[in-house]
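For reference, my_file-v7.txt is printed below; it contains compact mmCIF, N, CA and C atoms.
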# COMPACT_ATOMS: atom_id res chain seq x y z
N MET A 1 -50.80 208.05 72.20
CA MET A 1 -50.89 209.47 71.84
C MET A 1 -50.20 210.35 72.89
N LEU A 2 -50.49 210.07 74.16
CA LEU A 2 -49.89 210.85 75.23
C LEU A 2 -48.38 210.70 75.23
N LYS A 3 -47.91 209.51 74.96
CA LYS A 3 -46.48 209.24 74.93
C LYS A 3 -45.80 210.07 73.83
N LYS A 4 -46.42 210.15 72.65
CA LYS A 4 -45.87 210.93 71.53
C LYS A 4 -45.82 212.41 71.87
N THR A 5 -46.86 212.91 72.52
CA THR A 5 -46.91 214.33 72.92
C THR A 5 -45.79 214.65 73.89
N LEU A 6 -45.58 213.77 74.87
CA LEU A 6 -44.51 213.99 75.85
C LEU A 6 -43.14 213.99 75.19
N ILE A 7 -42.95 213.09 74.25
CA ILE A 7 -41.66 213.03 73.55
C ILE A 7 -41.44 214.30 72.75
N LEU A 8 -42.48 214.80 72.07
CA LEU A 8 -42.36 216.04 71.30
C LEU A 8 -42.04 217.23 72.21
N LEU A 9 -42.67 217.29 73.37
CA LEU A 9 -42.39 218.37 74.31
C LEU A 9 -40.95 218.34 74.79
N LEU A 10 -40.41 217.17 74.96
CA LEU A 10 -39.02 217.04 75.41
C LEU A 10 -38.04 217.43 74.31
N LEU A 11 -38.44 217.27 73.06
CA LEU A 11 -37.55 217.60 71.94
C LEU A 11 -37.56 219.08 71.59
N VAL A 12 -38.62 219.81 71.94
CA VAL A 12 -38.71 221.23 71.63
C VAL A 12 -37.76 221.99 72.55
N PRO A 13 -36.92 222.87 71.99
CA PRO A 13 -35.99 223.61 72.84
C PRO A 13 -36.73 224.44 73.89
N THR A 14 -36.11 224.57 75.07
CA THR A 14 -36.76 225.30 76.15
C THR A 14 -36.91 226.79 75.85
N TRP A 15 -36.10 227.33 74.95
CA TRP A 15 -36.23 228.76 74.65
C TRP A 15 -37.54 229.08 73.98
N VAL A 16 -38.21 228.10 73.40
CA VAL A 16 -39.51 228.35 72.77
C VAL A 16 -40.52 228.76 73.83
N PHE A 17 -40.39 228.20 75.04
CA PHE A 17 -41.35 228.49 76.10
C PHE A 17 -40.97 229.72 76.92
N ALA A 18 -39.75 230.15 76.82
CA ALA A 18 -39.29 231.28 77.63
C ALA A 18 -39.73 232.60 77.01
N ILE A 19 -40.30 233.44 77.81
CA ILE A 19 -40.68 234.77 77.36
C ILE A 19 -39.79 235.75 78.10
N GLU A 20 -39.13 236.60 77.37
CA GLU A 20 -38.14 237.50 77.96
C GLU A 20 -38.77 238.51 78.92
N ASP A 21 -37.98 238.89 79.92
CA ASP A 21 -38.35 240.00 80.78
C ASP A 21 -38.24 241.29 79.98
N VAL A 22 -38.98 242.31 80.39
CA VAL A 22 -38.92 243.62 79.73
C VAL A 22 -38.12 244.55 80.63
N SER A 23 -36.96 244.98 80.17
CA SER A 23 -36.09 245.86 80.97
C SER A 23 -36.56 247.30 80.86
N LEU A 24 -36.47 248.02 81.99
CA LEU A 24 -36.85 249.43 82.05
C LEU A 24 -35.62 250.28 82.36
N PHE A 25 -35.46 251.36 81.60
CA PHE A 25 -34.28 252.21 81.69
C PHE A 25 -34.67 253.63 82.07
N THR A 26 -33.76 254.30 82.78
CA THR A 26 -33.95 255.70 83.14
C THR A 26 -33.66 256.59 81.94
N GLU A 27 -33.89 257.87 82.11
CA GLU A 27 -33.59 258.85 81.07
C GLU A 27 -32.11 258.81 80.70
N GLU A 28 -31.25 258.48 81.67
CA GLU A 28 -29.80 258.41 81.44
C GLU A 28 -29.38 257.08 80.82
N GLY A 29 -30.32 256.15 80.62
CA GLY A 29 -30.01 254.88 79.99
C GLY A 29 -29.58 253.78 80.94
N GLU A 30 -29.79 253.97 82.24
CA GLU A 30 -29.41 252.95 83.22
C GLU A 30 -30.57 251.99 83.46
N ALA A 31 -30.29 250.70 83.46
CA ALA A 31 -31.30 249.69 83.75
C ALA A 31 -31.61 249.71 85.24
N VAL A 32 -32.88 249.92 85.59
CA VAL A 32 -33.25 250.02 87.00
C VAL A 32 -34.29 249.00 87.43
N ALA A 33 -35.06 248.50 86.49
CA ALA A 33 -36.14 247.58 86.84
C ALA A 33 -36.48 246.73 85.62
N TYR A 34 -37.31 245.74 85.86
CA TYR A 34 -37.80 244.94 84.74
C TYR A 34 -39.14 244.33 85.10
N ILE A 35 -39.90 244.04 84.06
CA ILE A 35 -41.19 243.38 84.21
C ILE A 35 -40.96 241.92 83.88
N GLY A 36 -41.35 241.04 84.80
CA GLY A 36 -41.20 239.61 84.57
C GLY A 36 -42.00 239.18 83.36
N SER A 37 -41.87 237.95 82.97
CA SER A 37 -42.53 237.42 81.78
C SER A 37 -43.99 237.85 81.70
N SER A 38 -44.53 237.83 80.50
CA SER A 38 -45.88 238.35 80.28
C SER A 38 -46.93 237.65 81.14
N SER A 39 -46.72 236.41 81.48
CA SER A 39 -47.69 235.72 82.34
C SER A 39 -47.54 236.14 83.80
N GLU A 40 -46.37 236.60 84.18
CA GLU A 40 -46.10 236.94 85.58
C GLU A 40 -46.61 238.35 85.93
N GLN A 41 -46.32 239.33 85.08
CA GLN A 41 -46.78 240.71 85.27
C GLN A 41 -46.30 241.34 86.58
N THR A 42 -45.12 240.95 87.03
CA THR A 42 -44.53 241.51 88.25
C THR A 42 -43.39 242.43 87.87
N VAL A 43 -43.28 243.57 88.57
CA VAL A 43 -42.19 244.52 88.34
C VAL A 43 -41.16 244.31 89.44
N TYR A 44 -39.92 244.11 89.03
CA TYR A 44 -38.80 243.88 89.94
C TYR A 44 -37.80 245.03 89.79
N LEU A 45 -37.17 245.43 90.89
CA LEU A 45 -36.00 246.29 90.78
C LEU A 45 -34.89 245.43 90.20
N TRP A 46 -33.85 246.05 89.68
CA TRP A 46 -32.76 245.31 89.05
C TRP A 46 -32.10 244.34 90.03
N THR A 47 -32.23 244.63 91.32
CA THR A 47 -31.65 243.77 92.36
C THR A 47 -32.43 242.46 92.52
N GLY A 48 -33.62 242.37 91.92
CA GLY A 48 -34.46 241.18 92.04
C GLY A 48 -35.59 241.33 93.03
N GLN A 49 -35.68 242.50 93.68
CA GLN A 49 -36.74 242.73 94.66
C GLN A 49 -38.07 243.02 93.95
N PRO A 50 -39.12 242.24 94.22
CA PRO A 50 -40.42 242.54 93.63
C PRO A 50 -41.03 243.75 94.31
N VAL A 51 -41.48 244.72 93.53
CA VAL A 51 -41.99 245.96 94.11
C VAL A 51 -43.40 246.30 93.65
N ALA A 52 -43.82 245.76 92.51
CA ALA A 52 -45.11 246.16 91.96
C ALA A 52 -45.63 245.08 91.01
N TYR A 53 -46.85 245.27 90.56
CA TYR A 53 -47.44 244.36 89.58
C TYR A 53 -48.37 245.14 88.66
N LEU A 54 -48.67 244.56 87.52
CA LEU A 54 -49.50 245.21 86.51
C LEU A 54 -50.91 244.64 86.52
N THR A 55 -51.90 245.51 86.30
CA THR A 55 -53.27 245.08 86.05
C THR A 55 -53.74 245.80 84.78
N VAL A 56 -54.69 245.23 84.10
CA VAL A 56 -55.16 245.79 82.84
C VAL A 56 -55.91 247.09 83.08
N ASP A 57 -55.61 248.09 82.27
CA ASP A 57 -56.30 249.38 82.29
C ASP A 57 -57.32 249.37 81.15
N GLU A 58 -58.55 249.67 81.44
CA GLU A 58 -59.61 249.65 80.43
C GLU A 58 -59.38 250.65 79.30
N GLN A 59 -58.55 251.66 79.54
CA GLN A 59 -58.26 252.66 78.52
C GLN A 59 -57.09 252.25 77.64
N GLY A 60 -56.53 251.09 77.89
CA GLY A 60 -55.37 250.61 77.15
C GLY A 60 -54.14 250.66 78.04
N GLY A 61 -53.31 249.66 77.94
CA GLY A 61 -52.12 249.58 78.77
C GLY A 61 -52.42 248.92 80.10
N HIS A 62 -51.65 249.30 81.12
CA HIS A 62 -51.76 248.67 82.44
C HIS A 62 -51.63 249.71 83.55
N HIS A 63 -52.27 249.40 84.67
CA HIS A 63 -52.03 250.13 85.92
C HIS A 63 -50.84 249.47 86.59
N ILE A 64 -50.06 250.25 87.33
CA ILE A 64 -48.97 249.69 88.12
C ILE A 64 -49.31 249.93 89.59
N PHE A 65 -49.43 248.82 90.33
CA PHE A 65 -49.72 248.88 91.76
C PHE A 65 -48.54 248.33 92.52
N GLY A 66 -48.17 249.01 93.60
CA GLY A 66 -47.18 248.46 94.51
C GLY A 66 -47.81 247.32 95.30
N PHE A 67 -46.98 246.42 95.82
CA PHE A 67 -47.52 245.34 96.63
C PHE A 67 -48.18 245.87 97.90
N ASN A 68 -47.88 247.13 98.25
CA ASN A 68 -48.53 247.75 99.41
C ASN A 68 -49.89 248.34 99.06
N GLY A 69 -50.34 248.19 97.81
CA GLY A 69 -51.66 248.67 97.38
C GLY A 69 -51.66 250.05 96.75
N THR A 70 -50.52 250.73 96.75
CA THR A 70 -50.42 252.08 96.20
C THR A 70 -50.43 252.06 94.67
N HIS A 71 -51.24 252.92 94.08
CA HIS A 71 -51.24 253.07 92.62
C HIS A 71 -50.04 253.92 92.27
N LEU A 72 -49.09 253.33 91.53
CA LEU A 72 -47.83 254.02 91.22
C LEU A 72 -47.87 254.75 89.88
N GLY A 73 -48.71 254.30 88.97
CA GLY A 73 -48.77 254.93 87.66
C GLY A 73 -49.32 253.99 86.61
N TRP A 74 -48.91 254.23 85.37
CA TRP A 74 -49.40 253.48 84.23
C TRP A 74 -48.23 252.96 83.40
N TYR A 75 -48.42 251.81 82.79
CA TYR A 75 -47.46 251.28 81.83
C TYR A 75 -48.21 251.17 80.50
N VAL A 76 -47.90 252.10 79.60
CA VAL A 76 -48.58 252.19 78.32
C VAL A 76 -47.53 252.38 77.23
N ASP A 77 -47.63 251.61 76.17
CA ASP A 77 -46.72 251.72 75.03
C ASP A 77 -45.25 251.67 75.45
N GLU A 78 -44.92 250.73 76.33
CA GLU A 78 -43.55 250.48 76.80
C GLU A 78 -42.96 251.62 77.61
N ILE A 79 -43.83 252.44 78.20
CA ILE A 79 -43.41 253.57 79.03
C ILE A 79 -44.11 253.48 80.38
N PHE A 80 -43.34 253.60 81.45
CA PHE A 80 -43.89 253.68 82.80
C PHE A 80 -44.06 255.16 83.12
N ARG A 81 -45.30 255.56 83.39
CA ARG A 81 -45.62 256.95 83.68
C ARG A 81 -46.09 257.10 85.12
N ASP A 82 -45.70 258.21 85.73
CA ASP A 82 -46.08 258.45 87.13
C ASP A 82 -47.49 259.03 87.21
N GLN A 83 -47.90 259.43 88.41
CA GLN A 83 -49.25 259.96 88.64
C GLN A 83 -49.53 261.25 87.87
N ASN A 84 -48.48 261.98 87.49
CA ASN A 84 -48.65 263.22 86.73
C ASN A 84 -48.68 262.98 85.22
N GLY A 85 -48.44 261.73 84.80
CA GLY A 85 -48.39 261.42 83.38
C GLY A 85 -47.00 261.61 82.78
N ASP A 86 -46.00 261.90 83.62
CA ASP A 86 -44.62 262.08 83.13
C ASP A 86 -43.93 260.72 83.02
N ILE A 87 -42.90 260.65 82.20
CA ILE A 87 -42.16 259.41 81.96
C ILE A 87 -41.22 259.14 83.13
N ALA A 88 -41.39 257.99 83.78
CA ALA A 88 -40.47 257.60 84.85
C ALA A 88 -39.34 256.76 84.28
N CYS A 89 -39.66 255.82 83.41
CA CYS A 89 -38.67 255.00 82.72
C CYS A 89 -39.35 254.29 81.56
N GLY A 90 -38.54 253.68 80.72
CA GLY A 90 -39.11 253.01 79.56
C GLY A 90 -38.18 251.94 79.02
N THR A 91 -38.64 251.27 78.00
CA THR A 91 -37.85 250.20 77.39
C THR A 91 -36.74 250.79 76.52
N SER A 92 -35.88 249.94 76.04
CA SER A 92 -34.76 250.40 75.21
C SER A 92 -35.24 251.02 73.90
N GLU A 93 -36.46 250.71 73.47
CA GLU A 93 -37.00 251.34 72.26
C GLU A 93 -37.28 252.82 72.50
N LEU A 94 -37.64 253.17 73.74
CA LEU A 94 -37.88 254.57 74.08
C LEU A 94 -36.57 255.29 74.39
N ILE A 95 -35.75 254.67 75.21
CA ILE A 95 -34.47 255.26 75.63
C ILE A 95 -33.42 254.75 74.64
N GLN A 96 -33.08 255.56 73.67
CA GLN A 96 -32.24 255.12 72.56
C GLN A 96 -30.81 254.78 72.97
N SER A 97 -30.25 255.51 73.90
CA SER A 97 -28.85 255.28 74.25
C SER A 97 -28.76 254.64 75.64
N THR A 98 -29.00 253.34 75.70
CA THR A 98 -28.94 252.64 76.98
C THR A 98 -27.53 252.16 77.26
N LYS A 99 -27.19 252.13 78.54
CA LYS A 99 -25.87 251.64 78.97
C LYS A 99 -25.93 250.12 79.12
N LEU A 100 -24.77 249.50 79.10
CA LEU A 100 -24.70 248.06 79.31
C LEU A 100 -25.21 247.75 80.71
N ALA A 101 -26.22 246.90 80.78
CA ALA A 101 -26.85 246.59 82.06
C ALA A 101 -26.02 245.56 82.83
N PRO A 102 -25.88 245.76 84.14
CA PRO A 102 -25.19 244.74 84.96
C PRO A 102 -26.07 243.50 85.08
N MET A 103 -25.54 242.46 85.65
CA MET A 103 -26.32 241.23 85.87
C MET A 103 -27.49 241.54 86.81
N LYS A 104 -28.63 240.96 86.51
CA LYS A 104 -29.80 241.10 87.39
C LYS A 104 -29.59 240.27 88.64
N GLY A 105 -30.15 240.76 89.74
CA GLY A 105 -30.15 239.98 90.96
C GLY A 105 -31.17 238.86 90.85
N TYR A 106 -31.02 237.84 91.66
CA TYR A 106 -31.99 236.75 91.67
C TYR A 106 -33.35 237.27 92.12
N LYS A 107 -34.40 236.77 91.48
CA LYS A 107 -35.75 237.18 91.86
C LYS A 107 -36.05 236.70 93.28
N LYS A 108 -36.48 237.64 94.11
CA LYS A 108 -36.87 237.32 95.48
C LYS A 108 -38.34 236.88 95.48
N PHE A 109 -38.78 236.29 96.58
CA PHE A 109 -40.18 235.88 96.70
C PHE A 109 -41.08 237.09 96.69
N LYS A 110 -42.22 236.95 96.01
CA LYS A 110 -43.20 238.03 95.96
C LYS A 110 -44.02 238.06 97.24
N PRO A 111 -44.24 239.26 97.78
CA PRO A 111 -45.10 239.37 98.96
C PRO A 111 -46.57 239.25 98.55
N LEU A 112 -47.43 239.09 99.52
CA LEU A 112 -48.86 239.10 99.24
C LEU A 112 -49.27 240.51 98.85
N LYS A 113 -50.26 240.60 97.99
CA LYS A 113 -50.75 241.90 97.54
C LYS A 113 -51.69 242.49 98.59
N SER A 114 -51.46 243.76 98.93
CA SER A 114 -52.36 244.46 99.84
C SER A 114 -53.58 244.95 99.07
N LEU A 115 -54.60 245.38 99.80
CA LEU A 115 -55.75 245.98 99.14
C LEU A 115 -55.31 247.19 98.33
N ARG A 116 -55.87 247.32 97.15
CA ARG A 116 -55.47 248.43 96.27
C ARG A 116 -56.25 249.69 96.56
N GLU A 117 -55.58 250.83 96.36
CA GLU A 117 -56.27 252.11 96.47
C GLU A 117 -57.22 252.26 95.28
N TYR A 118 -58.10 253.25 95.41
CA TYR A 118 -58.98 253.57 94.30
C TYR A 118 -58.14 254.08 93.13
N LEU A 119 -58.62 253.81 91.94
CA LEU A 119 -57.90 254.26 90.75
C LEU A 119 -58.03 255.78 90.60
N PRO A 120 -56.92 256.47 90.44
CA PRO A 120 -57.01 257.90 90.19
C PRO A 120 -57.38 258.13 88.73
N PRO A 121 -57.88 259.33 88.41
CA PRO A 121 -58.16 259.61 87.01
C PRO A 121 -56.84 259.62 86.22
N ARG A 122 -56.90 259.16 85.02
CA ARG A 122 -55.69 259.09 84.18
C ARG A 122 -55.37 260.50 83.66
N PRO A 123 -54.16 260.98 83.92
CA PRO A 123 -53.79 262.33 83.47
C PRO A 123 -53.45 262.32 81.97
N ASP A 124 -53.31 263.49 81.41
CA ASP A 124 -52.77 263.59 80.06
C ASP A 124 -51.31 263.20 80.14
N PHE A 125 -50.86 262.37 79.21
CA PHE A 125 -49.47 261.95 79.21
C PHE A 125 -48.60 263.03 78.57
N SER A 126 -47.43 263.26 79.16
CA SER A 126 -46.50 264.26 78.64
C SER A 126 -45.27 263.57 78.06
N ASN A 127 -44.43 264.34 77.43
CA ASN A 127 -43.15 263.84 76.92
C ASN A 127 -42.01 264.20 77.87
N ASN A 128 -42.34 264.74 79.04
CA ASN A 128 -41.34 265.13 80.03
C ASN A 128 -40.99 263.94 80.91
N PHE A 129 -39.74 263.92 81.37
CA PHE A 129 -39.34 262.90 82.32
C PHE A 129 -39.73 263.35 83.72
N ALA A 130 -40.09 262.39 84.56
CA ALA A 130 -40.55 262.66 85.92
C ALA A 130 -39.42 263.22 86.77
N LYS A 131 -39.80 263.98 87.79
CA LYS A 131 -38.82 264.53 88.72
C LYS A 131 -38.31 263.46 89.69
N VAL A 132 -39.16 262.49 90.03
CA VAL A 132 -38.77 261.41 90.94
C VAL A 132 -38.19 260.27 90.10
N PRO A 133 -36.98 259.81 90.40
CA PRO A 133 -36.38 258.72 89.63
C PRO A 133 -37.23 257.45 89.68
N CYS A 134 -37.17 256.69 88.63
CA CYS A 134 -37.99 255.49 88.46
C CYS A 134 -37.84 254.51 89.63
N HIS A 135 -36.61 254.23 90.05
CA HIS A 135 -36.43 253.23 91.11
C HIS A 135 -37.00 253.71 92.45
N PHE A 136 -36.98 255.03 92.72
CA PHE A 136 -37.60 255.54 93.94
C PHE A 136 -39.11 255.40 93.87
N LEU A 137 -39.66 255.72 92.71
CA LEU A 137 -41.10 255.60 92.51
C LEU A 137 -41.55 254.15 92.69
N LEU A 138 -40.83 253.23 92.07
CA LEU A 138 -41.19 251.81 92.21
C LEU A 138 -40.98 251.32 93.63
N TYR A 139 -39.93 251.79 94.29
CA TYR A 139 -39.66 251.33 95.65
C TYR A 139 -40.76 251.78 96.62
N SER A 140 -41.49 252.83 96.26
CA SER A 140 -42.59 253.27 97.12
C SER A 140 -43.74 252.26 97.16
N GLY A 141 -43.67 251.22 96.32
CA GLY A 141 -44.67 250.17 96.34
C GLY A 141 -44.33 248.99 97.24
N VAL A 142 -43.19 249.07 97.91
CA VAL A 142 -42.74 247.97 98.78
C VAL A 142 -43.56 247.96 100.07
N ILE A 143 -43.87 246.75 100.54
CA ILE A 143 -44.55 246.60 101.83
C ILE A 143 -43.51 246.78 102.93
N ASP A 144 -43.79 247.69 103.87
CA ASP A 144 -42.85 247.94 104.99
C ASP A 144 -42.89 246.83 106.00
Structure encoded using structure tokens:
Amino acid sequence: MLKKTLILLLLVPTWVFAIEDVSLFTEEGEAVAYIGSSSEQTVYLWTGQPVAYLTVDEQGGHHIFGFNGTHLGWYVDEIFRDQNGDIACGTSELIQSTKLAPMKGYKKFKPLKSLREYLPPRPDFSNNFAKVPCHFLLYSGVID
């Protein structure tokens, strides 16, 4: 039985097991970051630098924490929102006119997670884009 299972696993194409990364785009349509596979839940800058990770939000969606423990915002309905509830970046479904994305950098090793800050109250979400660009906001989660 075990032998048959192993043979079947070898015959199944590897793309069946691969779960795509979720690319995040700025208001201008530039690819700046991506969320690793659904099991990984790590946010990388387009260069491959890990900057943040997702945790489940009881109100729906996810909290975004920097590896330095800073609460960066929320990821809800394919939109990354900052502390004010404004849109920092989103998927191609949100940003209709995305530019051709360059090749992603190789994923770098993830740092250890620092202690997390207390969760701030969730603001009302707006349809406005944030004043701080998405990659700057995400980079603020890097451990110095």
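The coordinates place atom C of Tyr106 (chain A) at 21.6 Å from CA of Phe80 (chain A).
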### Task
Find the spatial neighbours of Ala31 (chain A), counting only C-alpha atoms, within a cut-off of 8 Å - ignore same-chain residues fewer than 6 positions away - and output them as a PyMOL selection string.
chain A and resi 23-25+46+98-99+101-102
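Atom pair atom C of Glu40 (chain A) / atom N of Asp82 (chain A): separated by 19.9 Å.
Using only N, CA and C atoms, the shortest contact distance between Ser92 (chain A) and any of A:Pro133, A:Val22, A:Pro120, A:Leu45 is found at A:Val22.
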As a PDB file with N, CA and C atoms, in the frame of the given file, please: the residues near Lys113 (chain A) (cut-off 6.5 Å, only N, CA and C atoms, same-chain neighbours under 3 positions excluded).
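Below is the file that was written, part-v4.pdb:
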ATOM      1  N   PHE A  67     -46.980 246.420  95.820  1.00  0.00           N
ATOM      2  CA  PHE A  67     -47.520 245.340  96.630  1.00  0.00           C
ATOM      3  C   PHE A  67     -48.180 245.870  97.900  1.00  0.00           C
ATOM      4  N   ASN A  68     -47.880 247.130  98.250  1.00  0.00           N
ATOM      5  CA  ASN A  68     -48.530 247.750  99.410  1.00  0.00           C
ATOM      6  C   ASN A  68     -49.890 248.340  99.060  1.00  0.00           C
ATOM      7  N   GLY A  69     -50.340 248.190  97.810  1.00  0.00           N
ATOM      8  CA  GLY A  69     -51.660 248.670  97.380  1.00  0.00           C
ATOM      9  C   GLY A  69     -51.660 250.050  96.750  1.00  0.00           C
TER      10      GLY A  69
END
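Reported to one decimal place, the separation of CA of Thr42 (chain A) from CA of Phe109 (chain A) is 11.0 Å.
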### Query
For Val43 (chain A), which residue out of A:Leu100, A:Val132, A:Ile95, A:Ile64 is the nearest one, using only C-alpha atoms?
A:Ile64
#### Entry: Test item, helix (DSSP H, G or I) assignment across chain A, answer as a VMD selection string
chain A and resid 2 to 11 14 to 16 134 to 139
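Taking only C-alpha atoms into account, Thr55 (chain A) lies nearest to A:Arg116 out of the set A:Phe125, A:Arg116, A:Cys134, A:Glu20.
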Take the point (-48.3, 254.3, 84.0) as written in the file and pick out every residue within 8 Å of it, counting all atoms listed in the file; give the list as a compact mmCIF listing (two decimals) with N, CA and C atoms, in the frame of the given file.
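Written output follows (part-v5.txt):
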# COMPACT_ATOMS: atom_id res chain seq x y z
N GLY A 61 -53.31 249.66 77.94
CA GLY A 61 -52.12 249.58 78.77
C GLY A 61 -52.42 248.92 80.10
N HIS A 62 -51.65 249.30 81.12
CA HIS A 62 -51.76 248.67 82.44
C HIS A 62 -51.63 249.71 83.55
N HIS A 63 -52.27 249.40 84.67
CA HIS A 63 -52.03 250.13 85.92
C HIS A 63 -50.84 249.47 86.59
N ILE A 64 -50.06 250.25 87.33
CA ILE A 64 -48.97 249.69 88.12
C ILE A 64 -49.31 249.93 89.59
N LEU A 72 -49.09 253.33 91.53
CA LEU A 72 -47.83 254.02 91.22
C LEU A 72 -47.87 254.75 89.88
N GLY A 73 -48.71 254.30 88.97
CA GLY A 73 -48.77 254.93 87.66
C GLY A 73 -49.32 253.99 86.61
N TRP A 74 -48.91 254.23 85.37
CA TRP A 74 -49.40 253.48 84.23
C TRP A 74 -48.23 252.96 83.40
N TYR A 75 -48.42 251.81 82.79
CA TYR A 75 -47.46 251.28 81.83
C TYR A 75 -48.21 251.17 80.50
N VAL A 76 -47.90 252.10 79.60
CA VAL A 76 -48.58 252.19 78.32
C VAL A 76 -47.53 252.38 77.23
N ILE A 79 -43.83 252.44 78.20
CA ILE A 79 -43.41 253.57 79.03
C ILE A 79 -44.11 253.48 80.38
N PHE A 80 -43.34 253.60 81.45
CA PHE A 80 -43.89 253.68 82.80
C PHE A 80 -44.06 255.16 83.12
N ARG A 81 -45.30 255.56 83.39
CA ARG A 81 -45.62 256.95 83.68
C ARG A 81 -46.09 257.10 85.12
N ASP A 82 -45.70 258.21 85.73
CA ASP A 82 -46.08 258.45 87.13
C ASP A 82 -47.49 259.03 87.21
N GLN A 83 -47.90 259.43 88.41
CA GLN A 83 -49.25 259.96 88.64
C GLN A 83 -49.53 261.25 87.87
N GLY A 85 -48.44 261.73 84.80
CA GLY A 85 -48.39 261.42 83.38
C GLY A 85 -47.00 261.61 82.78
N ASP A 86 -46.00 261.90 83.62
CA ASP A 86 -44.62 262.08 83.13
C ASP A 86 -43.93 260.72 83.02
N ALA A 88 -41.39 257.99 83.78
CA ALA A 88 -40.47 257.60 84.85
C ALA A 88 -39.34 256.76 84.28
### Task
Could you give me, as a ChimeraX atom specification, the residues within 7 Å of Tyr44 (chain A), counting all atoms listed in the file and dropping anything in the same chain fewer than 3 positions from it?
/A:32-36,47-52
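With distances restricted to only N, CA and C atoms, A:Cys89 is the closest residue to His135 (chain A) from A:Gly60, A:Asp21, A:Leu115, A:Cys89.
When all atoms listed in the file are used to compute distances to Tyr53 (chain A), the closest of the residues A:Phe65, A:Gly29, A:Ser97, A:Leu138 turns out to be A:Phe65.
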### Message
I'd like to know which residues of region 16-131 of chain A are strand (DSSP E or B) (by DSSP, run on the backbone); could you write them as an NGL selection string?
### Response
:A and (22-25 or 31-35 or 42-45 or 50-56 or 62-66 or 71-76 or 79-81 or 87-90 or 129)
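Using all atoms listed in the file, the smallest distance between any of A:Thr70, A:Asn127, A:Asn84, A:Gly90 and Ser114 (chain A) comes from A:Thr70.
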Box centre and edge lengths (Å, one decimal), axis-aligned, region 42-47 of chain A plus 4 Å each side, as JSON:
{"center_x": -38.4, "center_y": 243.6, "center_z": 89.8, "size_x": 21.5, "size_y": 13.3, "size_z": 13.5}
